[in-house]
Structure formats: C-alpha cells, structure tokens
Amino acid sequence: MFPLFALASLSTFARAAPRATPSSSCTGTISSLSDVNIAVQCTTVNINAFTVPAGETFNLDLLDGTTVNVLGEIQFGNVSWAGPLFEVKGTNIIFNGNGQIWDGGGPFYWDGQGTNGGVIKPHPMMKIEISGTLSDVYVVNAPAQCFSVSNPGPLIITGVTVDDSQGNYPNANSNNLPAGHNTDGFDVSGSNLVIQQSTVINQDDCLAINRGSKIVFQDNYCNGGHGISIGSITSDVVVEGVVVQGNTVINSQQAFRIKTDEVATNSTVSNVIYSDNTATNCTEYGVLITQSYPASLGTPGNGVIVSNVSFYPGTTTLTAASNAYMAAVDCGEGSCTGTWNWSGLKTSGGKVGPMNNVNVITGYTQ
C-alpha cells in the first residue's frame, strides 16, 4: 500500500519544480571537492568516483529542481573529527545514487563505544536536508550514525542500503564487544517523509524518529541492531502520524520500540500504526514501550503523552527468543491514553512481559 500523502507529494514535486534558467540548465561534474562550487550552479550534477580528503565535508547546496547522478564510488579519508562526512541541501531534488558505494571507513574509528566515548567519530555520515526523492544510495561502514534526515518538504527515500555488518565483530580496540556502536540507520527529524524498500544491517536503531509528522516506514529490511524506534523523545517534541508497515526485522534487540526520556516534559507521541510487519529472533523484547529511558523498565516519567498506538489493521507477527519478553509496556501514571488496538499483533516464543500503568490495550494477550 502506497500512502496517499506520498502520492500527493509526488504530484506536488511535478508541479513545483522550477524551470531552469539559461545559466543553470547545464551539467556540472564533480571529481573532487574543488569542482563543487562550479558544479552546483547547474541543475544536473554528475558525481564521479573520488576520495573526500580527511576532515572535510562533501557539501552540496543545490539549486531548486536539481538532478544528481552518482556515477562512481565515494570514499572518505580517515581522521578523528566531528563530521558530517556528506551534506546535501535543496528543494525538489532528484538524487540518483545508482547503487554506487559510499564508504565511511568505519573500521578506522570503531572501538565498541560509538559516540559515547573513545575515538571521536564523524557523524552523521550522510546529512540529508532535501525535498524530492533520494534513491539507490549504498553506504558501507558508517563511523557512527549514518543518515540524518531533516527534510524541508516532502521526501521519498527508496532503495537505500546501510551495510555496517563488519561492525558486528570485535576488533583490537573494542574489548571483545562488537566494534560498531551507535550506527543508527536513519535518524529522522522531519515530516512528510517516506522511507521504503531499504536495507539496514547495523548495531543500533534501524530507524529512530526523534520528531516529526506524517512519516511512513514501509517494506524495509532491518538486521541486527535495535529495531524500529520512535525516540528517544526529549522535552518539547511532537511525533504524530507514523505508519510502520510491511517491514522485516531479524536478530534485533527489539523489533518495535517507543522510548521516551524519564525526565522529558511537554511532549507527545500520537497516532502510530504498525501493520503487516514480521520480526524474528528478538533478543530482549518484541515490543517495548518505555517511559523510563535510558532504562528499559525502570521508574517511568509522565511528562510525555503517548496516545493511539495500534497494531491494526493487518497482522504483525513476531517471535522472541526464549529468554526475551514478547511485549512490555512501562508507562508513566496517566500518560498512555487513547485507543490502543493491538488485535493484529501475534507474538510467540518468549516470556510474558510486564504491562505497567497501561489499561488501554485491547485485542491482545500474551
């Protein structure tokens, strides 16, 4: 099922894209950072294979209506710094990744600590601030968080790959832990966004929605990591109108999670629908809704109102590991409200989880 607002957005792109002026209807070619300033004066930009020098951002500030074609592999020199490695801005952009590899050089940085300590790691790797479409971008070895998406208008992301599978293994600096850490696939702070038909193999959230509305995450594949998350939600944040449908989640710490900070205030999460997803081998939780973050089950706060969270329509099937909770809810007193229709959630394999301060769930028993 393709969301109606996404179809409407595509129509908007077609109407809104401006005509190229005689000075901009050219083709710019980028084969090094020194080519960027001239190339972005054109509304077609071709990117050839090259290596971005260590400690510098590959930054594209594009004209409205630009088409970007990636024609070769992009590598980044390695040095400990804050990043980001790549940043793109623009309106009504068509960004064609063409399956070309963007290599963040993760093994140079990975030490099992991510952005919590150790070596300073450039992050995010890919900072996306465009409306339009972004497709077929293939990222390997992100140093830490991969895509940060804060789109200024409707955006459809299709066929993206984030492959941090090398980070699953310890290295000399990770103290026998997986070397990759905090390698989020998509961190979202935007609205009118569709992410679809994409693959994330990593050691943290496949998707983390920090704020925004009208967000659809559909027909994606998440392997390893922490599954599909809303949050963590801090103070003064609104998340509204999220659809998570048709996704496959395997070998993740949890499949579906909403996490709000214990100390957060004046925030809301509302109208969240999970539909027709499949999850297997959830190692700690199948579903986790917690208002105790950073604890999973702790002393929940009630400064965030979480309302209308449904596993319906459609059937979401998940299998938890034998020592994992199938579903656990840890709400603050009076802060989980509205209609929670969980009749489409089918769980098996794990333990019965706690349901704290929540009496609004219907249609589901563990």
# chains A, B, ... in the order shown; residues from 1 in each chain; ligands from 1
>>> residues_around(residues="Ser335 in chain A", least_positions_apart="2", cutoff="10 Å", atoms="only C-alpha atoms", output="VMD selection string")
chain A and resid 268 291 300 to 307 331 to 333 337 to 338 357 to 358
>>> residues_around(residues="range 237-245 of chain A", least_positions_apart="6", cutoff="9 Å", atoms="only C-alpha atoms", output="ChimeraX atom specification")
/A:1,209-220,228,230,265-277,304,314,316
>>> write_last_selection(atoms="N, CA and C atoms", output="short mmCIF file (atom, residue, chain, number, x, y, z; two decimals), in the first residue's frame")
data_model
loop_
_atom_site.label_atom_id
_atom_site.label_comp_id
_atom_site.auth_asym_id
_atom_site.auth_seq_id
_atom_site.Cartn_x
_atom_site.Cartn_y
_atom_site.Cartn_z
N MET A 1 0.84 -1.19 0.00
CA MET A 1 0.00 0.00 0.00
C MET A 1 0.87 1.24 0.00
N ILE A 209 12.96 7.80 15.09
CA ILE A 209 12.22 9.04 14.82
C ILE A 209 12.32 9.92 16.06
N ASN A 210 12.94 11.07 15.91
CA ASN A 210 13.14 11.98 17.04
C ASN A 210 12.05 13.04 17.14
N ARG A 211 11.49 13.44 15.99
CA ARG A 211 10.38 14.38 15.94
C ARG A 211 9.82 14.36 14.53
N GLY A 212 8.59 14.87 14.35
CA GLY A 212 8.04 14.98 13.01
C GLY A 212 6.66 14.37 12.90
N SER A 213 6.06 14.51 11.71
CA SER A 213 4.72 14.00 11.47
C SER A 213 4.61 13.47 10.05
N LYS A 214 3.58 12.64 9.83
CA LYS A 214 3.34 12.03 8.52
C LYS A 214 4.60 11.33 8.02
N ILE A 215 5.00 10.32 8.77
CA ILE A 215 6.21 9.55 8.47
C ILE A 215 5.81 8.12 8.19
N VAL A 216 6.23 7.58 7.06
CA VAL A 216 5.93 6.20 6.68
C VAL A 216 7.24 5.44 6.50
N PHE A 217 7.34 4.29 7.16
CA PHE A 217 8.50 3.40 7.04
C PHE A 217 7.96 2.06 6.58
N GLN A 218 8.19 1.72 5.30
CA GLN A 218 7.50 0.56 4.75
C GLN A 218 8.39 -0.29 3.85
N ASP A 219 8.16 -1.62 3.95
CA ASP A 219 8.80 -2.59 3.07
C ASP A 219 10.31 -2.55 3.17
N ASN A 220 10.81 -2.35 4.39
CA ASN A 220 12.24 -2.30 4.65
C ASN A 220 12.71 -3.57 5.36
N ILE A 228 13.13 -0.94 15.05
CA ILE A 228 12.45 0.26 14.57
C ILE A 228 11.96 1.03 15.78
N ILE A 230 10.75 4.79 17.83
CA ILE A 230 10.37 6.20 17.97
C ILE A 230 11.06 6.68 19.24
N THR A 265 9.48 16.42 29.35
CA THR A 265 8.21 17.08 29.63
C THR A 265 7.69 17.75 28.37
N ASN A 266 6.37 17.97 28.35
CA ASN A 266 5.71 18.75 27.30
C ASN A 266 5.92 18.17 25.91
N SER A 267 5.85 16.85 25.80
CA SER A 267 5.99 16.18 24.51
C SER A 267 4.84 15.23 24.30
N THR A 268 4.60 14.90 23.01
CA THR A 268 3.53 13.96 22.68
C THR A 268 3.99 13.01 21.57
N VAL A 269 3.52 11.78 21.66
CA VAL A 269 3.66 10.79 20.59
C VAL A 269 2.25 10.27 20.33
N SER A 270 1.75 10.41 19.10
CA SER A 270 0.35 10.05 18.87
C SER A 270 0.15 9.46 17.48
N ASN A 271 -0.89 8.62 17.38
CA ASN A 271 -1.34 8.08 16.11
C ASN A 271 -0.23 7.31 15.39
N VAL A 272 0.16 6.21 16.01
CA VAL A 272 1.21 5.33 15.49
C VAL A 272 0.56 4.01 15.10
N ILE A 273 0.80 3.56 13.87
CA ILE A 273 0.21 2.32 13.36
C ILE A 273 1.32 1.38 12.92
N TYR A 274 1.28 0.15 13.45
CA TYR A 274 2.15 -0.94 12.99
C TYR A 274 1.26 -1.93 12.25
N SER A 275 1.64 -2.26 11.00
CA SER A 275 0.77 -3.09 10.18
C SER A 275 1.59 -4.03 9.30
N ASP A 276 1.26 -5.32 9.36
CA ASP A 276 1.82 -6.31 8.43
C ASP A 276 3.34 -6.38 8.46
N ASN A 277 3.91 -6.29 9.65
CA ASN A 277 5.35 -6.47 9.81
C ASN A 277 5.65 -7.89 10.29
N VAL A 304 5.48 12.86 28.98
CA VAL A 304 5.20 12.64 27.55
C VAL A 304 3.90 11.87 27.44
N GLY A 314 -4.13 -5.17 9.57
CA GLY A 314 -3.09 -6.11 9.19
C GLY A 314 -2.59 -6.88 10.39
N THR A 316 0.80 -8.18 12.41
CA THR A 316 2.23 -8.12 12.70
C THR A 316 2.59 -9.34 13.53
#
>>> select_by_dssp(residues="range 143-343 of chain A", states="helix (DSSP H, G or I)", output="list of chain:residue names")
A:Ser165, A:Gln166, A:Gly167, A:Asn168
>>> write_last_selection(atoms="all heavy atoms", output="CSV table (one decimal), in the first residue's frame")
chain,number,residue,atom,x,y,z
A,165,SER,N,27.8,-4.3,8.5
A,165,SER,CA,28.0,-5.7,9.0
A,165,SER,C,29.4,-6.0,9.5
A,165,SER,O,29.5,-6.8,10.4
A,165,SER,CB,27.6,-6.7,7.9
A,165,SER,OG,28.3,-6.5,6.7
A,166,GLN,N,30.4,-5.3,9.0
A,166,GLN,CA,31.7,-5.5,9.5
A,166,GLN,C,31.8,-5.1,11.0
A,166,GLN,O,32.7,-5.7,11.7
A,166,GLN,CB,32.8,-4.7,8.7
A,166,GLN,CG,33.0,-5.3,7.3
A,166,GLN,CD,34.2,-4.6,6.7
A,166,GLN,OE1,35.2,-4.4,7.3
A,166,GLN,NE2,34.0,-4.1,5.4
A,167,GLY,N,30.9,-4.2,11.4
A,167,GLY,CA,31.0,-3.8,12.8
A,167,GLY,C,30.4,-4.8,13.8
A,167,GLY,O,30.4,-4.6,15.0
A,168,ASN,N,29.9,-5.9,13.3
A,168,ASN,CA,29.3,-6.9,14.2
A,168,ASN,C,30.4,-7.7,15.0
A,168,ASN,O,30.2,-8.4,16.0
A,168,ASN,CB,28.5,-8.0,13.4
A,168,ASN,CG,27.2,-7.4,13.0
A,168,ASN,OD1,26.7,-6.5,13.5
A,168,ASN,ND2,26.7,-8.0,11.9
>>> residues_around(residues="Thr27 in chain A", least_positions_apart="4", cutoff="7 Å", atoms="only C-alpha atoms", output="list in words")
Cys42, Thr43, Thr44 and Val45 of chain A
>>> residues_around(residues="Tyr138 in chain A", least_positions_apart="4", cutoff="12 Å", atoms="only C-alpha atoms", output="PyMOL selection string")
chain A and resi 70+72-75+96-104+126+134+142+146-147+158-164+185+198-201
>>> write_last_selection(atoms="N, CA and C atoms", output="mmCIF file, in the first residue's frame")
data_model
loop_
_atom_site.group_PDB
_atom_site.id
_atom_site.type_symbol
_atom_site.label_atom_id
_atom_site.label_comp_id
_atom_site.auth_asym_id
_atom_site.auth_seq_id
_atom_site.Cartn_x
_atom_site.Cartn_y
_atom_site.Cartn_z
ATOM 1 N N VAL A 70 24.994 9.931 -9.185
ATOM 2 C CA VAL A 70 26.259 9.432 -8.638
ATOM 3 C C VAL A 70 26.763 8.342 -9.579
ATOM 4 N N GLY A 72 30.161 7.035 -9.527
ATOM 5 C CA GLY A 72 31.331 6.288 -9.074
ATOM 6 C C GLY A 72 31.377 6.223 -7.561
ATOM 7 N N GLU A 73 32.271 5.398 -7.040
ATOM 8 C CA GLU A 73 32.379 5.181 -5.598
ATOM 9 C C GLU A 73 32.962 6.401 -4.893
ATOM 10 N N ILE A 74 32.370 6.738 -3.751
ATOM 11 C CA ILE A 74 32.851 7.852 -2.932
ATOM 12 C C ILE A 74 33.481 7.295 -1.662
ATOM 13 N N GLN A 75 34.741 7.627 -1.444
ATOM 14 C CA GLN A 75 35.428 7.243 -0.226
ATOM 15 C C GLN A 75 35.776 8.499 0.561
ATOM 16 N N ASN A 96 19.948 10.485 -7.525
ATOM 17 C CA ASN A 96 20.090 9.116 -8.023
ATOM 18 C C ASN A 96 21.427 8.542 -7.573
ATOM 19 N N GLY A 97 21.375 7.617 -6.596
ATOM 20 C CA GLY A 97 22.623 7.029 -6.113
ATOM 21 C C GLY A 97 23.188 5.962 -7.027
ATOM 22 N N ASN A 98 22.320 5.363 -7.861
ATOM 23 C CA ASN A 98 22.736 4.361 -8.851
ATOM 24 C C ASN A 98 23.503 3.185 -8.249
ATOM 25 N N GLY A 99 23.279 2.903 -6.973
ATOM 26 C CA GLY A 99 23.931 1.765 -6.333
ATOM 27 C C GLY A 99 25.417 1.927 -6.099
ATOM 28 N N GLN A 100 25.948 3.112 -6.339
ATOM 29 C CA GLN A 100 27.378 3.345 -6.113
ATOM 30 C C GLN A 100 27.671 3.408 -4.617
ATOM 31 N N ILE A 101 28.831 2.909 -4.220
ATOM 32 C CA ILE A 101 29.183 2.784 -2.807
ATOM 33 C C ILE A 101 29.694 4.109 -2.241
ATOM 34 N N TRP A 102 29.213 4.420 -1.033
ATOM 35 C CA TRP A 102 29.769 5.488 -0.200
ATOM 36 C C TRP A 102 30.402 4.792 1.008
ATOM 37 N N ASP A 103 31.719 4.849 1.124
ATOM 38 C CA ASP A 103 32.447 4.105 2.152
ATOM 39 C C ASP A 103 32.941 5.073 3.227
ATOM 40 N N GLY A 104 32.358 4.931 4.443
ATOM 41 C CA GLY A 104 32.708 5.833 5.533
ATOM 42 C C GLY A 104 33.965 5.468 6.291
ATOM 43 N N MET A 126 25.812 10.845 6.598
ATOM 44 C CA MET A 126 25.048 11.384 5.467
ATOM 45 C C MET A 126 23.963 12.306 6.025
ATOM 46 N N LEU A 134 15.229 10.550 -3.077
ATOM 47 C CA LEU A 134 16.595 10.054 -2.934
ATOM 48 C C LEU A 134 16.521 8.544 -3.081
ATOM 49 N N ALA A 142 29.647 3.041 8.058
ATOM 50 C CA ALA A 142 29.462 4.350 8.680
ATOM 51 C C ALA A 142 30.224 4.391 10.008
ATOM 52 N N CYS A 146 24.387 6.948 10.645
ATOM 53 C CA CYS A 146 24.546 7.024 9.193
ATOM 54 C C CYS A 146 23.731 8.172 8.596
ATOM 55 N N PHE A 147 22.435 7.987 8.378
ATOM 56 C CA PHE A 147 21.605 9.018 7.754
ATOM 57 C C PHE A 147 20.926 9.870 8.817
ATOM 58 N N THR A 158 14.056 5.730 -1.310
ATOM 59 C CA THR A 158 13.775 4.387 -1.823
ATOM 60 C C THR A 158 15.080 3.652 -2.117
ATOM 61 N N GLY A 159 15.120 2.369 -1.744
ATOM 62 C CA GLY A 159 16.205 1.501 -2.188
ATOM 63 C C GLY A 159 17.572 1.833 -1.635
ATOM 64 N N VAL A 160 17.615 2.370 -0.421
ATOM 65 C CA VAL A 160 18.888 2.703 0.223
ATOM 66 C C VAL A 160 19.413 1.475 0.966
ATOM 67 N N THR A 161 20.719 1.312 0.974
ATOM 68 C CA THR A 161 21.367 0.264 1.766
ATOM 69 C C THR A 161 22.345 0.891 2.748
ATOM 70 N N VAL A 162 22.265 0.452 4.008
ATOM 71 C CA VAL A 162 23.270 0.777 5.021
ATOM 72 C C VAL A 162 23.836 -0.558 5.490
ATOM 73 N N ASP A 163 25.085 -0.835 5.154
ATOM 74 C CA ASP A 163 25.705 -2.113 5.493
ATOM 75 C C ASP A 163 26.902 -1.877 6.405
ATOM 76 N N ASP A 164 26.648 -2.009 7.698
ATOM 77 C CA ASP A 164 27.711 -1.926 8.705
ATOM 78 C C ASP A 164 27.993 -3.298 9.300
ATOM 79 N N GLY A 185 20.680 3.540 11.457
ATOM 80 C CA GLY A 185 20.471 3.606 10.018
ATOM 81 C C GLY A 185 19.919 4.945 9.590
ATOM 82 N N SER A 198 14.242 -0.377 1.667
ATOM 83 C CA SER A 198 15.637 -0.154 2.029
ATOM 84 C C SER A 198 16.117 -1.235 2.997
ATOM 85 N N THR A 199 17.432 -1.355 3.122
ATOM 86 C CA THR A 199 18.067 -2.386 3.937
ATOM 87 C C THR A 199 19.035 -1.736 4.910
ATOM 88 N N VAL A 200 18.942 -2.142 6.184
ATOM 89 C CA VAL A 200 19.869 -1.660 7.206
ATOM 90 C C VAL A 200 20.416 -2.859 7.969
ATOM 91 N N ILE A 201 21.740 -3.002 7.972
ATOM 92 C CA ILE A 201 22.444 -4.019 8.755
ATOM 93 C C ILE A 201 23.402 -3.261 9.671
#
>>> closest_residue(among="A:Asn176, A:Asn192, A:Thr317, A:Asn202", to="Gly246 in chain A", atoms="only C-alpha atoms")
A:Thr317
>>> closest_residue(among="A:Pro84, A:Pro178, A:Gly77, A:Gly132", to="Asn151 in chain A", atoms="only C-alpha atoms")
A:Gly132
